[in-house]
>>> print(open('protein06.txt').read())   # compact mmCIF, C-alpha atoms and all ligand atoms
# COMPACT_ATOMS: atom_id res chain seq x y z
CA GLN C 1 -20.11 83.45 165.14
CA HIS C 2 -19.18 83.88 161.49
CA PRO C 3 -15.84 84.90 159.99
CA GLY C 4 -15.39 88.64 160.35
CA TRP C 5 -18.25 89.20 162.81
CA PRO C 6 -18.26 91.06 165.14
CA ALA C 7 -15.53 93.44 164.04
CA ARG C 8 -13.87 96.72 164.99
CA LEU C 9 -11.95 98.23 162.08
CA GLY C 10 -9.56 101.14 161.70
CA PRO C 11 -8.57 103.79 162.49
CA VAL C 12 -7.82 105.60 159.26
CA MET C 13 -7.14 109.35 159.32
CA VAL C 14 -8.79 111.64 156.74
CA ALA C 15 -9.66 115.34 156.59
CA GLY C 16 -12.90 114.68 158.52
CA GLY C 17 -11.08 113.00 161.42
CA ARG C 18 -10.32 109.53 162.74
CA VAL C 19 -12.55 106.97 160.99
CA THR C 20 -13.36 103.64 162.66
CA LEU C 21 -16.06 101.01 162.12
CA ARG C 22 -17.79 98.95 164.82
CA PRO C 23 -20.94 96.80 165.13
CA VAL C 24 -24.33 98.50 165.47
CA ARG C 25 -25.44 98.85 169.12
CA PHE C 26 -28.82 98.95 170.81
CA ARG C 27 -27.87 102.32 172.33
CA ASP C 28 -27.27 103.93 168.89
CA ALA C 29 -30.99 104.85 168.71
CA ALA C 30 -30.71 108.55 169.61
CA ALA C 31 -27.65 109.37 167.47
CA TRP C 32 -28.96 107.37 164.51
CA SER C 33 -32.39 109.01 164.62
CA ARG C 34 -31.10 112.56 165.20
CA ILE C 35 -28.88 112.48 162.09
CA ARG C 36 -31.40 110.68 159.88
CA LEU C 37 -34.24 113.06 160.73
CA ARG C 38 -31.98 116.11 160.26
CA ASP C 39 -30.45 114.85 156.97
CA ARG C 40 -33.60 113.61 155.24
CA GLU C 41 -32.93 115.69 152.08
CA HIS C 42 -29.40 114.29 151.88
CA LEU C 43 -30.40 110.63 152.32
CA GLU C 44 -33.90 109.92 151.06
CA ARG C 45 -33.19 110.25 147.32
CA TRP C 46 -30.70 107.39 147.43
CA GLU C 47 -32.32 104.91 149.80
CA PRO C 48 -34.79 102.05 149.26
CA THR C 49 -38.41 103.11 149.61
CA GLY C 50 -39.79 102.14 153.03
CA ARG C 51 -43.25 101.78 154.51
CA GLY C 52 -44.64 104.79 156.34
CA SER C 53 -43.26 108.30 156.59
CA TRP C 54 -39.56 109.18 156.87
CA GLU C 55 -40.24 110.55 160.37
CA ALA C 56 -41.88 107.31 161.52
CA ARG C 57 -39.25 105.05 159.97
CA ASN C 58 -36.37 107.02 161.40
CA HIS C 59 -37.81 107.73 164.84
CA ALA C 60 -35.59 106.50 167.69
CA SER C 61 -38.35 104.07 168.70
CA ASN C 62 -37.84 102.24 165.39
CA TRP C 63 -34.16 101.49 166.03
CA PRO C 64 -34.63 98.47 168.38
CA SER C 65 -36.49 96.46 165.72
CA LEU C 66 -34.05 97.50 163.01
CA TRP C 67 -31.10 96.67 165.27
CA THR C 68 -32.67 93.28 166.09
CA SER C 69 -33.06 92.35 162.43
CA LEU C 70 -29.53 93.54 161.55
CA LYS C 71 -28.08 91.49 164.41
CA ALA C 72 -30.13 88.42 163.39
CA GLU C 73 -28.80 88.66 159.83
CA ALA C 74 -25.27 89.09 161.20
CA ARG C 75 -25.63 86.00 163.40
CA ARG C 76 -26.79 84.04 160.33
CA GLY C 77 -23.59 85.11 158.58
CA ALA C 78 -25.49 86.98 155.88
CA MET C 79 -24.68 90.55 156.93
CA ILE C 80 -22.06 92.74 158.62
CA PRO C 81 -23.88 95.84 159.92
CA LEU C 82 -21.35 98.47 161.04
CA VAL C 83 -21.48 102.03 162.34
CA ILE C 84 -19.05 104.59 160.93
CA GLU C 85 -17.54 106.63 163.75
CA VAL C 86 -15.56 109.83 163.25
CA ASP C 87 -13.50 110.80 166.28
CA GLY C 88 -15.60 108.32 168.26
CA GLN C 89 -18.97 109.82 167.26
CA PHE C 90 -21.74 108.02 165.34
CA SER C 91 -21.48 109.46 161.82
CA GLY C 92 -23.12 106.95 159.46
CA GLN C 93 -23.44 103.30 158.58
CA LEU C 94 -21.64 100.82 156.38
CA THR C 95 -23.33 97.50 155.71
CA ILE C 96 -22.11 94.42 153.92
CA GLY C 97 -25.15 92.38 152.89
CA ASN C 98 -26.31 89.25 151.07
CA ILE C 99 -23.12 87.45 152.02
CA VAL C 100 -23.10 84.18 150.13
CA ARG C 101 -20.41 81.56 150.63
CA GLY C 102 -19.62 78.36 148.72
CA ALA C 103 -18.39 78.85 145.18
CA LEU C 104 -19.68 82.46 145.01
CA ARG C 105 -18.18 84.07 148.17
CA SER C 106 -19.72 87.42 147.43
CA GLY C 107 -21.66 90.27 149.03
CA TRP C 108 -22.84 93.84 148.45
CA ILE C 109 -21.69 96.94 150.28
CA GLY C 110 -23.67 100.10 151.03
CA TYR C 111 -23.14 103.20 153.18
CA TRP C 112 -24.28 106.66 154.23
CA VAL C 113 -22.48 109.50 156.01
CA ALA C 114 -23.91 112.53 157.87
CA LYS C 115 -24.22 115.58 155.62
CA ASP C 116 -22.08 117.90 157.76
CA LEU C 117 -19.08 115.55 157.26
CA GLY C 118 -19.46 115.49 153.46
CA GLY C 119 -16.46 115.74 151.15
CA GLN C 120 -13.89 115.01 153.87
CA GLY C 121 -12.98 111.48 152.88
CA VAL C 122 -15.08 109.70 155.51
CA ALA C 123 -17.04 107.41 153.15
CA THR C 124 -13.91 106.62 151.13
CA ALA C 125 -12.03 105.60 154.30
CA ALA C 126 -14.98 103.60 155.64
CA LEU C 127 -15.40 101.77 152.35
CA ALA C 128 -11.67 100.94 152.22
CA LEU C 129 -11.84 99.49 155.75
CA GLY C 130 -14.98 97.53 154.84
CA LEU C 131 -13.46 96.10 151.66
CA ASP C 132 -10.23 95.05 153.36
CA HIS C 133 -12.37 93.29 155.96
CA CYS C 134 -14.41 91.52 153.23
CA PHE C 135 -11.33 90.32 151.38
CA GLY C 136 -9.46 89.47 154.61
CA PRO C 137 -11.25 88.00 157.66
CA VAL C 138 -14.66 87.55 155.97
CA GLY C 139 -13.03 85.60 153.13
CA LEU C 140 -15.05 86.99 150.21
CA HIS C 141 -13.82 86.87 146.64
CA ARG C 142 -16.06 89.57 145.16
CA VAL C 143 -17.88 92.62 146.50
CA GLU C 144 -20.43 94.54 144.47
CA ALA C 145 -22.33 97.78 144.88
CA THR C 146 -25.22 99.41 143.06
CA VAL C 147 -25.52 103.15 142.71
CA ARG C 148 -27.94 105.48 140.91
CA PRO C 149 -26.37 107.15 137.85
CA GLU C 150 -27.41 110.51 139.38
CA ASN C 151 -25.43 109.84 142.58
CA HIS C 152 -22.12 111.39 141.53
CA ALA C 153 -20.65 111.64 145.03
CA SER C 154 -21.19 107.93 145.70
CA GLN C 155 -19.76 107.00 142.29
CA ALA C 156 -16.64 109.03 143.12
CA VAL C 157 -16.29 107.15 146.41
CA LEU C 158 -16.63 103.78 144.64
CA ARG C 159 -14.04 104.79 142.01
CA ASN C 160 -11.65 106.01 144.72
CA VAL C 161 -11.45 102.52 146.21
CA GLY C 162 -11.09 100.71 142.89
CA PHE C 163 -14.56 99.51 141.91
CA ARG C 164 -15.07 98.81 138.18
CA GLU C 165 -18.32 99.47 136.35
CA GLU C 166 -20.01 96.27 135.18
CA GLY C 167 -23.30 97.41 133.72
CA LEU C 168 -26.59 99.24 134.03
CA LEU C 169 -29.42 97.48 135.87
CA ARG C 170 -32.67 98.88 134.51
CA ARG C 171 -35.49 99.69 136.93
CA TYR C 172 -33.49 97.69 139.47
CA LEU C 173 -34.54 98.97 142.88
CA ASP C 174 -37.49 100.79 144.44
CA VAL C 175 -35.73 103.93 145.64
CA ASP C 176 -37.37 107.19 146.73
CA GLY C 177 -40.76 106.01 145.50
CA ALA C 178 -39.98 104.62 142.01
CA TRP C 179 -38.10 101.85 140.19
CA ARG C 180 -34.68 103.35 139.53
CA ASP C 181 -31.88 102.34 137.16
CA HIS C 182 -28.64 101.50 138.99
CA LEU C 183 -25.04 101.10 137.87
CA LEU C 184 -23.53 97.82 139.02
CA VAL C 185 -19.89 98.01 140.11
CA GLY C 186 -17.70 95.14 141.26
CA LEU C 187 -14.31 94.38 142.71
CA THR C 188 -12.60 91.01 143.18
CA VAL C 189 -9.76 90.26 145.53
CA GLU C 190 -7.26 89.74 142.67
CA GLU C 191 -7.68 93.39 141.69
CA VAL C 192 -6.54 94.73 145.07
CA MET C 193 -2.78 95.22 145.27
CA GLY C 194 -1.93 95.04 148.98
CA THR C 195 -4.91 96.53 150.79
CA VAL C 196 -7.42 99.20 149.81
CA VAL C 197 -6.36 101.30 152.81
CA ASP C 198 -2.73 101.11 151.58
CA ARG C 199 -3.90 102.35 148.21
CA LEU C 200 -5.56 105.41 149.82
CA VAL C 201 -2.43 106.11 151.85
CA ARG C 202 -0.21 105.80 148.72
CA GLU C 203 -2.50 108.22 146.87
CA GLY C 204 -2.40 110.71 149.74
CA ARG C 205 -6.15 110.34 150.43
CA ALA C 206 -5.70 108.96 153.94
CA ALA C 207 -3.08 108.33 156.61
CA LEU C 208 -2.50 105.75 159.30
CA PRO C 209 -2.09 107.09 162.87
N1 LIG C 301 -20.39 115.44 141.84
C1 LIG C 301 -19.27 114.69 141.65
N2 LIG C 301 -18.48 114.31 142.69
C2 LIG C 301 -18.84 114.71 143.92
C3 LIG C 301 -19.98 115.49 144.18
C4 LIG C 301 -20.78 115.86 143.06
N3 LIG C 301 -21.88 116.58 143.23
N4 LIG C 301 -20.06 115.72 145.50
C5 LIG C 301 -19.00 115.11 146.05
N5 LIG C 301 -18.26 114.53 145.10
C6 LIG C 301 -17.05 113.73 145.26
C7 LIG C 301 -15.98 114.37 146.07
O1 LIG C 301 -15.17 115.22 145.28
C8 LIG C 301 -15.22 113.14 146.55
O2 LIG C 301 -14.42 112.57 145.52
P1 LIG C 301 -12.83 112.83 145.47
O3 LIG C 301 -12.28 112.39 146.79
O4 LIG C 301 -12.37 111.99 144.34
O5 LIG C 301 -12.68 114.30 145.25
C9 LIG C 301 -16.34 112.16 146.77
O6 LIG C 301 -17.44 112.61 145.99
C10 LIG C 301 -16.78 112.12 148.22
O7 LIG C 301 -15.85 111.34 148.94
P2 LIG C 301 -15.94 111.26 150.52
O8 LIG C 301 -15.63 112.58 151.14
O9 LIG C 301 -15.13 110.09 150.92
O10 LIG C 301 -17.49 110.89 150.73
P3 LIG C 301 -18.49 111.46 151.86
O11 LIG C 301 -17.96 111.12 153.19
O12 LIG C 301 -18.85 112.84 151.54
O13 LIG C 301 -19.75 110.49 151.61
C11 LIG C 301 -21.70 109.73 150.44
C12 LIG C 301 -20.30 110.31 150.32
C13 LIG C 301 -21.64 108.42 151.22
C14 LIG C 301 -22.24 109.44 149.05
C15 LIG C 301 -22.59 110.73 151.23
O14 LIG C 301 -22.73 111.90 150.45
C16 LIG C 301 -23.97 110.19 151.55
O15 LIG C 301 -24.16 109.59 152.58
N6 LIG C 301 -24.95 110.45 150.66
C17 LIG C 301 -26.32 110.06 150.88
C18 LIG C 301 -26.52 108.55 150.93
C19 LIG C 301 -25.87 107.86 149.75
O16 LIG C 301 -25.89 108.33 148.64
N7 LIG C 301 -25.29 106.68 150.01
C20 LIG C 301 -24.65 105.87 148.96
C21 LIG C 301 -25.69 105.07 148.25
S1 LIG C 301 -24.96 104.03 146.99
C22 LIG C 301 -24.21 102.74 147.85
O17 LIG C 301 -24.39 102.63 149.04
C23 LIG C 301 -23.34 101.81 147.08
>>> encode(input="protein06.txt", output="structure tokens")
Amino acid sequence: QHPGWPARLGPVMVAGGRVTLRPVRFRDAAAWSRIRLRDREHLERWEPTGRGSWEARNHASNWPSLWTSLKAEARRGAMIPLVIEVDGQFSGQLTIGNIVRGALRSGWIGYWVAKDLGGQGVATAALALGLDHCFGPVGLHRVEATVRPENHASQAVLRNVGFREEGLLRRYLDVDGAWRDHLLVGLTVEEVMGTVVDRLVREGRAALP
């Protein structure tokens, strides 16, 4: 096992409910697929282009192979693939990826949340829990994220938890069928006063139970 894996994080209370994070499970197939097929419009614009149709890629029968590769990366220490639960229900995913140790001690973070829970603080709370985990048990020094300039909601979430803008990556990632510019944002452990969850609580964005 690697530092910080497996992990159960939270809870944090926000308008949407009680937010917790836990490792992906084999039996998440039905919930994962149901939300992803229903919320295609909400998700597809912001996600890496995949092979085959959205329906095929997000069919429940595709989850076992995805789950297997996420778990393999986690066992290697390169990834922390978590499910976001709200009041105990599967509501999205938060993934820490490309974890590199040595003198870099860095990784990226990415997330999605079901459309019907939008604007209720769920992603902000999940990201705060994920970052505190990265800077605590995982032992990272820096976490980065990339976001399309058009993705205003995700940029708000990143700002809420303290990410700084570091630059524009041109034609960076194949997203929704084309090479898309992305803003690069970063955060290092020295910039976090206390914990990120504490910051949300202080700002009245979240509460502890
Ligand atoms: N323009 C500007 N701000 C907006 C907009 C908009 N159109 N819509 C929402 N917001 C703001 C809200 O006001 C709120 O900010 P505030 O708290 O400062 O007022 C913030 O965006 C949303 O915060 P949360 O409620 O915590 O976020 P939510 O749970 O709704 O999830 C998310 C946001 C993850 C972006 C969700 O909409 C989603 O899953 N989208 C599709 C997938 C996606 O874009 N994932 C992120 C890719 S980038 C990355 O992973 C680094």
>>> residues_around(input="protein06.txt", residues="region 73-77 of chain C", least_positions_apart="4", cutoff="10 Å", atoms="all atoms listed in the file", output="PDB file with C-alpha atoms, keeping the file's coordinate frame")
ATOM      1  CA  GLN C   1     -20.110  83.450 165.140  1.00  0.00           C
ATOM      2  CA  HIS C   2     -19.180  83.880 161.490  1.00  0.00           C
ATOM      3  CA  PRO C   3     -15.840  84.900 159.990  1.00  0.00           C
ATOM      4  CA  GLY C   4     -15.390  88.640 160.350  1.00  0.00           C
ATOM      5  CA  TRP C   5     -18.250  89.200 162.810  1.00  0.00           C
ATOM      6  CA  PRO C   6     -18.260  91.060 165.140  1.00  0.00           C
ATOM      7  CA  PRO C  23     -20.940  96.800 165.130  1.00  0.00           C
ATOM      8  CA  TRP C  67     -31.100  96.670 165.270  1.00  0.00           C
ATOM      9  CA  THR C  68     -32.670  93.280 166.090  1.00  0.00           C
ATOM     10  CA  SER C  69     -33.060  92.350 162.430  1.00  0.00           C
ATOM     11  CA  PRO C  81     -23.880  95.840 159.920  1.00  0.00           C
ATOM     12  CA  ILE C  96     -22.110  94.420 153.920  1.00  0.00           C
ATOM     13  CA  GLY C  97     -25.150  92.380 152.890  1.00  0.00           C
ATOM     14  CA  ASN C  98     -26.310  89.250 151.070  1.00  0.00           C
ATOM     15  CA  ILE C  99     -23.120  87.450 152.020  1.00  0.00           C
ATOM     16  CA  VAL C 100     -23.100  84.180 150.130  1.00  0.00           C
ATOM     17  CA  ARG C 101     -20.410  81.560 150.630  1.00  0.00           C
ATOM     18  CA  VAL C 138     -14.660  87.550 155.970  1.00  0.00           C
TER      19      VAL C 138
END
>>> axis_aligned_box(input="protein06.txt", around="region 185-200 of chain C", padding_each_side="4 Å", output="lines of an AutoDock Vina configuration file")
center_x = -10.9
center_y = 97.6
center_z = 146.5
size_x = 26.0
size_y = 23.7
size_z = 20.7
>>> closest_residue(input="protein06.txt", among="C:Pro149, C:Gly130, C:Gly110, C:Gly204", to="ligand LIG 301 (chain C)", atoms="all atoms listed in the file")
C:Gly110
>>> residues_near_ligand(input="protein06.txt", ligand="ligand LIG 301 (chain C)", cutoff="8 Å", atoms="only C-alpha atoms and all ligand atoms", output="mmCIF file with C-alpha atoms, in the coordinates of the input")
data_model
loop_
_atom_site.group_PDB
_atom_site.id
_atom_site.type_symbol
_atom_site.label_atom_id
_atom_site.label_comp_id
_atom_site.auth_asym_id
_atom_site.auth_seq_id
_atom_site.Cartn_x
_atom_site.Cartn_y
_atom_site.Cartn_z
ATOM 1 C CA HIS C 42 -29.400 114.290 151.880
ATOM 2 C CA LEU C 43 -30.400 110.630 152.320
ATOM 3 C CA GLU C 44 -33.900 109.920 151.060
ATOM 4 C CA ARG C 45 -33.190 110.250 147.320
ATOM 5 C CA TRP C 46 -30.700 107.390 147.430
ATOM 6 C CA GLU C 47 -32.320 104.910 149.800
ATOM 7 C CA GLY C 92 -23.120 106.950 159.460
ATOM 8 C CA ILE C 109 -21.690 96.940 150.280
ATOM 9 C CA GLY C 110 -23.670 100.100 151.030
ATOM 10 C CA TYR C 111 -23.140 103.200 153.180
ATOM 11 C CA TRP C 112 -24.280 106.660 154.230
ATOM 12 C CA VAL C 113 -22.480 109.500 156.010
ATOM 13 C CA ALA C 114 -23.910 112.530 157.870
ATOM 14 C CA LYS C 115 -24.220 115.580 155.620
ATOM 15 C CA LEU C 117 -19.080 115.550 157.260
ATOM 16 C CA GLY C 118 -19.460 115.490 153.460
ATOM 17 C CA GLY C 119 -16.460 115.740 151.150
ATOM 18 C CA GLN C 120 -13.890 115.010 153.870
ATOM 19 C CA GLY C 121 -12.980 111.480 152.880
ATOM 20 C CA VAL C 122 -15.080 109.700 155.510
ATOM 21 C CA ALA C 123 -17.040 107.410 153.150
ATOM 22 C CA THR C 124 -13.910 106.620 151.130
ATOM 23 C CA ALA C 125 -12.030 105.600 154.300
ATOM 24 C CA ALA C 145 -22.330 97.780 144.880
ATOM 25 C CA THR C 146 -25.220 99.410 143.060
ATOM 26 C CA VAL C 147 -25.520 103.150 142.710
ATOM 27 C CA ARG C 148 -27.940 105.480 140.910
ATOM 28 C CA ASN C 151 -25.430 109.840 142.580
ATOM 29 C CA HIS C 152 -22.120 111.390 141.530
ATOM 30 C CA ALA C 153 -20.650 111.640 145.030
ATOM 31 C CA SER C 154 -21.190 107.930 145.700
ATOM 32 C CA GLN C 155 -19.760 107.000 142.290
ATOM 33 C CA ALA C 156 -16.640 109.030 143.120
ATOM 34 C CA VAL C 157 -16.290 107.150 146.410
ATOM 35 C CA LEU C 158 -16.630 103.780 144.640
ATOM 36 C CA ARG C 159 -14.040 104.790 142.010
ATOM 37 C CA ASN C 160 -11.650 106.010 144.720
ATOM 38 C CA ARG C 205 -6.150 110.340 150.430
#
>>> atom_distance(input="protein06.txt", atom1="CA of Thr49 (chain C)", atom2="CA of Ala178 (chain C)")
7.9 Å
>>> closest_residue(input="protein06.txt", among="C:Ile80, C:Leu183, C:Val197, C:Leu208", to="Arg164 (chain C)", atoms="all atoms listed in the file")
C:Leu183
>>> atom_distance(input="protein06.txt", atom1="CA of Asp132 (chain C)", atom2="CA of Gly162 (chain C)")
11.9 Å
>>> atom_distance(input="protein06.txt", atom1="CA of Arg142 (chain C)", atom2="CA of Arg105 (chain C)")
6.6 Å
>>> closest_residue(input="protein06.txt", among="C:Ala56, C:Val189, C:Val161, C:Leu184", to="Glu203 (chain C)", atoms="all atoms listed in the file")
C:Val161
>>> residues_around(input="protein06.txt", residues="Val14 (chain C)", least_positions_apart="2", cutoff="6 Å", atoms="all atoms listed in the file", output="ChimeraX atom specification")
/C:16-17,121,206
>>> closest_residue(input="protein06.txt", among="C:Arg8, C:Pro48, C:Val19, C:Ile35", to="Gly177 (chain C)", atoms="all atoms listed in the file")
C:Pro48
>>> closest_residue(input="protein06.txt", among="C:Trp32, C:Trp54, C:Trp108, C:Trp63", to="Met79 (chain C)", atoms="only C-alpha atoms")
C:Trp108
>>> closest_residue(input="protein06.txt", among="C:Leu168, C:Leu187, C:Ala103, C:Leu21", to="Ser91 (chain C)", atoms="all atoms listed in the file")
C:Leu21
>>> residues_around(input="protein06.txt", residues="Phe26 (chain C)", least_positions_apart="2", cutoff="12 Å", atoms="only C-alpha atoms", output="PyMOL selection string")
chain C and resi 23-24+28-32+60-71+83
>>> decode(input="protein06.txt", residues="region 4-19 of chain C", atoms="N, CA, C and O atoms", output="compact mmCIF listing (two decimals), in the first residue's frame")
# COMPACT_ATOMS: atom_id res chain seq x y z
N GLY C 4 -1.63 7.16 2.05
CA GLY C 4 -2.88 7.81 1.67
C GLY C 4 -3.82 6.95 0.86
O GLY C 4 -4.87 7.41 0.43
N TRP C 5 -3.47 5.67 0.64
CA TRP C 5 -4.37 4.77 -0.10
C TRP C 5 -4.47 3.43 0.59
O TRP C 5 -3.41 2.89 0.93
N PRO C 6 -5.67 2.89 0.77
CA PRO C 6 -6.99 3.48 0.48
C PRO C 6 -7.38 4.50 1.54
O PRO C 6 -6.76 4.51 2.62
N ALA C 7 -8.38 5.32 1.24
CA ALA C 7 -8.74 6.39 2.18
C ALA C 7 -10.25 6.61 2.19
O ALA C 7 -10.92 6.46 1.17
N ARG C 8 -10.75 6.96 3.38
CA ARG C 8 -12.12 7.45 3.52
C ARG C 8 -12.00 8.82 4.15
O ARG C 8 -11.39 8.97 5.20
N LEU C 9 -12.56 9.83 3.51
CA LEU C 9 -12.36 11.21 3.93
C LEU C 9 -13.70 11.88 4.21
O LEU C 9 -14.69 11.60 3.57
N GLY C 10 -13.69 12.83 5.16
CA GLY C 10 -14.88 13.57 5.51
C GLY C 10 -15.50 13.01 6.76
O GLY C 10 -14.87 12.20 7.45
N PRO C 11 -16.73 13.43 7.09
CA PRO C 11 -17.63 14.26 6.29
C PRO C 11 -17.40 15.76 6.44
O PRO C 11 -16.82 16.21 7.43
N VAL C 12 -17.88 16.47 5.42
CA VAL C 12 -18.02 17.93 5.46
C VAL C 12 -19.46 18.23 5.08
O VAL C 12 -20.00 17.61 4.15
N MET C 13 -20.08 19.17 5.79
CA MET C 13 -21.49 19.50 5.51
C MET C 13 -21.57 20.75 4.62
O MET C 13 -20.95 21.76 4.93
N VAL C 14 -22.33 20.64 3.54
CA VAL C 14 -22.59 21.80 2.67
C VAL C 14 -24.08 21.80 2.33
O VAL C 14 -24.82 20.90 2.76
N ALA C 15 -24.51 22.80 1.54
CA ALA C 15 -25.94 22.90 1.23
C ALA C 15 -26.47 21.61 0.62
O ALA C 15 -27.61 21.19 0.89
N GLY C 16 -25.65 20.94 -0.21
CA GLY C 16 -26.10 19.72 -0.89
C GLY C 16 -26.25 18.52 0.03
O GLY C 16 -26.93 17.55 -0.32
N GLY C 17 -25.60 18.55 1.20
CA GLY C 17 -25.69 17.43 2.14
C GLY C 17 -24.33 17.12 2.76
O GLY C 17 -23.45 17.98 2.82
N ARG C 18 -24.20 15.84 3.16
CA ARG C 18 -23.01 15.39 3.88
C ARG C 18 -22.05 14.78 2.85
O ARG C 18 -22.35 13.73 2.26
N VAL C 19 -20.91 15.44 2.64
CA VAL C 19 -19.97 15.03 1.58
C VAL C 19 -18.86 14.17 2.18
O VAL C 19 -18.20 14.57 3.15
